[in-house]
Amino acid sequence: MPSCVSESILVSVVSSSPFRVRRPLRGPVRAVAETAWVLLAGFGVWLVVASLGVLPRPYLQLPALAVAGCLFPLRRRFPVPVLLVLAVLTGVAPCVGPVTAATAYTVARRTARARTRARLLGAAAALLVVCATLCAPWLGPGPLPYGPALGLVLTPTAVLVPGLVGTAYGQQRRLVRALRERGDAAERARRLADSEARTHERSRIAAEMHDLLGHRLSLISLHAGGLELALERADPELREEAVLVRRTTRDALRELRQALGVLGPLGRDTGAEALTDATGTRADIEALVAGSRDGGIAVRLDWTGADLDARPAGVRRAVHRVVREALTNVHRYAGAAHVAVSVAHDAETVRVTVRNGAPPAVPAAAPDQGTGRGLTGLRERVELLGGTFAAAPLPSGGFRVEAVLPAEPGEAPARREAVPGTGDGAPAEPAPAERGTAQALTPALGLAGLSVLTALGTLFVYATAPHQDAGPRPLPRVGMTYGDVLGSGVTDNAAVRAAAAGREPPRPPGTAGCVYPFNGATESRPGSLTIARYCFDTAQRLVAIDRFTVPSVRDATPWEIP
């Protein structure tokens, strides 16, 4: 670790739980927008059909649409009853078809079991046809045979097609989720295998270093001790040099064992100061603080929250390592500074801070700068647990070391290593905004298309059904008014009137006027024309229908003209 005369060390070990995936709640704004859209589509169907005048009682269908709008937001909580009730309302009022289509789509998408989904859609289709058949004479197209026709037209657009689309989309989502989980499991297995391989390699390196260097350093320390005893009376001055060699060798051996503990697996620390199950608890941190206080450093400990004994051993060991390394560096580089150690532990985080102020005086000779391998070992230990590590000088001249670890190490490291654009991990997915827009636009356009088909099918059935004014027009009869006779298609023709002038029989008494229609004048035989005459009295009532024959004029053929 870099040294500084005025040094401040801050170690923050934050234990959080970032692995909880909270699904965003469906907001009321989206629910209101969906309900408004389906009601608008249903009202559009009603407006198109009613504007053409084919509905017998159009305003009786609007209450059914209002009831459907009230039931639509409940389709996720009560899918079966809501879909069945909307199918009944669709048979009564075809304008409810878009609302039923959106409900069938949602229910089919969210129903995983194929048999349950098929039975539900079949029951909804059957209810729609039955209700359309029963309501046809009163609220439908009229005659009973046209009720099943209307139900069979509405069933595909309101139940079957949206149900099939929802089924396909739901199966696609479930398949993608299963493939994603399988890919995550494979990725975790691969990373676990890589981690185990690295751990085994690090353990092998640690064992070789311990066997080679540890043995040599032990021999050096042994020979230095023997030399110290031999020179105790022979040459006291050289004895002090032998003591220095033995102590330096002992310190080197202790630091080597600490380094081997970092290189070795996290569950097995080597060296004279091997870690136990109590490592990282409150008692362990108090022992570290007490040891530093006995070494001549003014240390204060503040603990907030519960103990760390319930946390995983790897997290507690990492906390111990970071605090011990920080206090060791304070001993080496800022021994005269005041140190404050605080531990704050709550339900989700554990924050450990070790901070010392500037020493009161500058030492005459600055110690060695160090290699910084202690911080490198801490960084590796923290990152192996899924945390982050940062070390940087402070503006006041000190130094800060900060580490963040998860409370329950699990999948977080694998997830953080997959950086977009590096070729590692899954390919980048579309942005949430683009994905949300596509997911909202596709059902909206589909509902609009189904609404158009619903309106066209309803118009087709209602237009082909017989109405009250259908059939041939009634023939004129005596006693009908002048307007009724004109309504039956009898209109006066000037040519027929001219042909009858001077050749018609006398008019009945009380006749005020007569009508000579063209469709009543027929040529019964060559040279004669049969004319129909409709005579009305002063009250414009038909009093007589006469037919008589008058001579007709035949034009000569072109070759007979001189």
# chains A, B, ... in the order shown; residues from 1 in each chain; ligands from 1
>>> residues_around(residues="A:Val382", least_positions_apart="5", cutoff="8 Å", atoms="only C-alpha atoms", output="JSON, numbers by chain")
{"A": [318, 387, 388, 389, 403, 404, 405]}
>>> write_last_selection(atoms="C-alpha atoms", output="CSV table (one decimal), in the first residue's frame")
chain,number,residue,atom,x,y,z
A,318,ALA,CA,-13.5,-10.8,3.8
A,387,GLY,CA,-18.2,-7.2,-4.7
A,388,THR,CA,-16.3,-4.1,-5.8
A,389,PHE,CA,-13.1,-2.6,-4.5
A,403,ALA,CA,-15.1,-2.4,-0.6
A,404,VAL,CA,-18.7,-3.4,-1.4
A,405,LEU,CA,-19.8,-7.1,-0.9
>>> residues_around(residues="A:Val161", least_positions_apart="5", cutoff="12 Å", atoms="only C-alpha atoms", output="list in words")
Gly97, Pro98, Thr100, Ala101, Ala102, Thr103, Ala104, Tyr105, Ala108, Leu121, Ala125, Val153, Leu154, Thr155, Pro156, Gly166, Thr167, Ala168, Gly446, Leu447, Gly449, Leu450, Leu453 and Thr454 of chain A
>>> select_by_dssp(residues="stretch 452-548 of chain A", states="strand (DSSP E or B)", output="list of chain:residue names")
A:Thr481, A:Asp492, A:Gly513, A:Cys514, A:Val515, A:Pro517, A:Thr522, A:Glu523, A:Ser524, A:Arg525, A:Ser528, A:Leu529, A:Thr530, A:Ile531, A:Ala532, A:Arg533, A:Tyr534, A:Cys535, A:Phe536, A:Arg541, A:Leu542, A:Val543, A:Ala544, A:Ile545, A:Asp546, A:Arg547, A:Phe548
>>> closest_residue(among="A:Leu384, A:Leu327, A:Val243, A:Ala290", to="A:Leu229", atoms="only C-alpha atoms")
A:Val243
>>> closest_residue(among="A:Gly225, A:Val107, A:Leu308, A:Val159", to="A:Val129", atoms="only C-alpha atoms")
A:Val159
>>> closest_residue(among="A:Val82, A:Pro551, A:Pro145, A:Arg117", to="A:Gly502", atoms="only C-alpha atoms")
A:Pro551
>>> closest_residue(among="A:Gly91, A:Ala501, A:Ile531, A:Gly69", to="A:Ala41", atoms="only C-alpha atoms")
A:Gly69
>>> select_by_dssp(residues="stretch 115-317 of chain A", states="alpha helix (DSSP H)", output="ChimeraX atom specification")
/A:115-135,146-155,161-209,215-234,236-263,282-294,313-317
>>> write_last_selection(atoms="C-alpha atoms", output="short mmCIF file (atom, residue, chain, number, x, y, z; two decimals), in the first residue's frame")
data_model
loop_
_atom_site.label_atom_id
_atom_site.label_comp_id
_atom_site.auth_asym_id
_atom_site.auth_seq_id
_atom_site.Cartn_x
_atom_site.Cartn_y
_atom_site.Cartn_z
CA ARG A 115 -56.74 -28.46 -21.81
CA THR A 116 -57.96 -25.73 -19.49
CA ARG A 117 -57.40 -23.12 -22.18
CA ALA A 118 -59.20 -25.13 -24.86
CA ARG A 119 -62.19 -25.84 -22.62
CA LEU A 120 -62.48 -22.21 -21.60
CA LEU A 121 -62.37 -20.89 -25.17
CA GLY A 122 -64.82 -23.56 -26.32
CA ALA A 123 -67.26 -22.71 -23.53
CA ALA A 124 -67.05 -19.01 -24.36
CA ALA A 125 -67.69 -19.70 -28.06
CA ALA A 126 -70.68 -21.93 -27.26
CA LEU A 127 -72.21 -19.34 -24.93
CA LEU A 128 -71.82 -16.65 -27.59
CA VAL A 129 -73.65 -18.71 -30.23
CA VAL A 130 -76.43 -19.74 -27.83
CA CYS A 131 -77.06 -16.19 -26.62
CA ALA A 132 -77.02 -14.81 -30.17
CA THR A 133 -79.59 -17.46 -31.18
CA LEU A 134 -81.91 -16.80 -28.24
CA CYS A 135 -81.77 -13.00 -28.55
CA TYR A 146 -80.15 -15.66 -38.42
CA GLY A 147 -79.20 -15.82 -34.71
CA PRO A 148 -76.81 -18.78 -35.13
CA ALA A 149 -75.41 -17.10 -38.24
CA LEU A 150 -74.58 -13.97 -36.22
CA GLY A 151 -73.04 -16.08 -33.44
CA LEU A 152 -70.90 -18.05 -35.90
CA VAL A 153 -69.70 -14.80 -37.45
CA LEU A 154 -68.80 -13.23 -34.09
CA THR A 155 -67.17 -16.33 -32.57
CA VAL A 161 -58.71 -15.81 -33.28
CA PRO A 162 -57.63 -13.72 -30.25
CA GLY A 163 -57.50 -16.90 -28.18
CA LEU A 164 -55.15 -18.57 -30.67
CA VAL A 165 -52.97 -15.47 -30.87
CA GLY A 166 -52.78 -15.26 -27.08
CA THR A 167 -51.92 -18.97 -26.91
CA ALA A 168 -49.05 -18.56 -29.38
CA TYR A 169 -47.72 -15.48 -27.64
CA GLY A 170 -47.94 -17.09 -24.20
CA GLN A 171 -46.13 -20.22 -25.39
CA GLN A 172 -43.47 -18.05 -26.97
CA ARG A 173 -42.92 -16.15 -23.73
CA ARG A 174 -42.72 -19.34 -21.70
CA LEU A 175 -40.30 -20.88 -24.19
CA VAL A 176 -38.07 -17.80 -24.18
CA ARG A 177 -38.11 -17.76 -20.38
CA ALA A 178 -37.15 -21.44 -20.25
CA LEU A 179 -34.34 -20.95 -22.76
CA ARG A 180 -33.10 -17.91 -20.86
CA GLU A 181 -33.07 -19.82 -17.57
CA ARG A 182 -31.26 -22.70 -19.25
CA GLY A 183 -28.70 -20.32 -20.70
CA ASP A 184 -28.21 -18.64 -17.31
CA ALA A 185 -27.74 -22.03 -15.68
CA ALA A 186 -25.17 -23.02 -18.29
CA GLU A 187 -23.38 -19.70 -17.88
CA ARG A 188 -23.32 -20.09 -14.10
CA ALA A 189 -21.98 -23.63 -14.45
CA ARG A 190 -19.26 -22.44 -16.80
CA ARG A 191 -18.23 -19.60 -14.52
CA LEU A 192 -18.30 -21.92 -11.51
CA ALA A 193 -16.04 -24.35 -13.32
CA ASP A 194 -13.67 -21.51 -14.26
CA SER A 195 -13.69 -20.27 -10.68
CA GLU A 196 -12.92 -23.74 -9.36
CA ALA A 197 -10.11 -24.11 -11.88
CA ARG A 198 -8.63 -20.77 -10.80
CA THR A 199 -8.98 -21.76 -7.15
CA HIS A 200 -7.18 -25.05 -7.71
CA GLU A 201 -4.40 -23.31 -9.61
CA ARG A 202 -4.02 -20.69 -6.92
CA SER A 203 -3.93 -23.43 -4.28
CA ARG A 204 -1.21 -25.26 -6.22
CA ILE A 205 0.86 -22.07 -6.50
CA ALA A 206 0.39 -21.41 -2.78
CA ALA A 207 1.48 -24.94 -1.90
CA GLU A 208 4.61 -24.70 -4.06
CA MET A 209 5.54 -21.31 -2.61
CA HIS A 215 11.36 -24.20 4.08
CA ARG A 216 14.21 -21.92 3.06
CA LEU A 217 13.09 -19.11 5.35
CA SER A 218 12.69 -21.55 8.23
CA LEU A 219 16.27 -22.73 7.73
CA ILE A 220 17.51 -19.13 7.62
CA SER A 221 15.68 -18.34 10.85
CA LEU A 222 17.05 -21.50 12.49
CA HIS A 223 20.64 -20.74 11.51
CA ALA A 224 20.24 -17.11 12.56
CA GLY A 225 19.04 -18.28 15.99
CA GLY A 226 22.04 -20.60 16.35
CA LEU A 227 24.37 -17.81 15.30
CA GLU A 228 22.74 -15.54 17.85
CA LEU A 229 23.48 -18.02 20.65
CA ALA A 230 27.03 -18.58 19.45
CA LEU A 231 27.81 -14.86 19.32
CA GLU A 232 26.21 -14.05 22.64
CA ARG A 233 29.60 -14.11 24.45
CA ALA A 234 32.04 -14.11 21.56
CA PRO A 236 27.89 -9.08 21.22
CA GLU A 237 27.89 -6.55 18.36
CA LEU A 238 27.56 -9.22 15.70
CA ARG A 239 24.90 -10.88 17.87
CA GLU A 240 22.62 -7.87 17.30
CA GLU A 241 23.00 -8.37 13.55
CA ALA A 242 22.05 -12.03 13.95
CA VAL A 243 18.98 -11.01 15.97
CA LEU A 244 17.97 -8.61 13.18
CA VAL A 245 18.36 -11.38 10.57
CA ARG A 246 16.24 -13.78 12.65
CA ARG A 247 13.46 -11.21 13.21
CA THR A 248 13.43 -10.15 9.58
CA THR A 249 13.20 -13.79 8.53
CA ARG A 250 10.34 -14.37 10.94
CA ASP A 251 8.46 -11.32 9.58
CA ALA A 252 9.06 -12.47 6.03
CA LEU A 253 7.75 -15.93 6.87
CA ARG A 254 4.63 -14.47 8.51
CA GLU A 255 3.93 -12.19 5.52
CA LEU A 256 4.49 -15.11 3.17
CA ARG A 257 1.88 -17.12 5.03
CA GLN A 258 -0.56 -14.22 4.81
CA ALA A 259 0.04 -13.98 1.07
CA LEU A 260 -0.50 -17.71 0.73
CA GLY A 261 -3.80 -17.29 2.58
CA VAL A 262 -4.92 -14.85 -0.13
CA LEU A 263 -3.77 -17.11 -2.94
CA ARG A 282 -18.23 -8.43 16.65
CA ALA A 283 -15.93 -10.23 19.06
CA ASP A 284 -13.36 -10.73 16.31
CA ILE A 285 -13.40 -7.06 15.29
CA GLU A 286 -13.12 -6.03 18.95
CA ALA A 287 -10.10 -8.31 19.27
CA LEU A 288 -8.45 -6.67 16.24
CA VAL A 289 -9.12 -3.22 17.68
CA ALA A 290 -7.78 -4.27 21.07
CA GLY A 291 -4.63 -5.64 19.47
CA SER A 292 -4.03 -2.35 17.64
CA ARG A 293 -4.71 -0.43 20.86
CA ASP A 294 -2.12 -2.55 22.68
CA ALA A 313 -18.40 -17.24 6.29
CA GLY A 314 -16.91 -15.82 3.10
CA VAL A 315 -18.36 -12.38 3.78
CA ARG A 316 -17.19 -12.38 7.40
CA ARG A 317 -13.71 -13.50 6.42
#
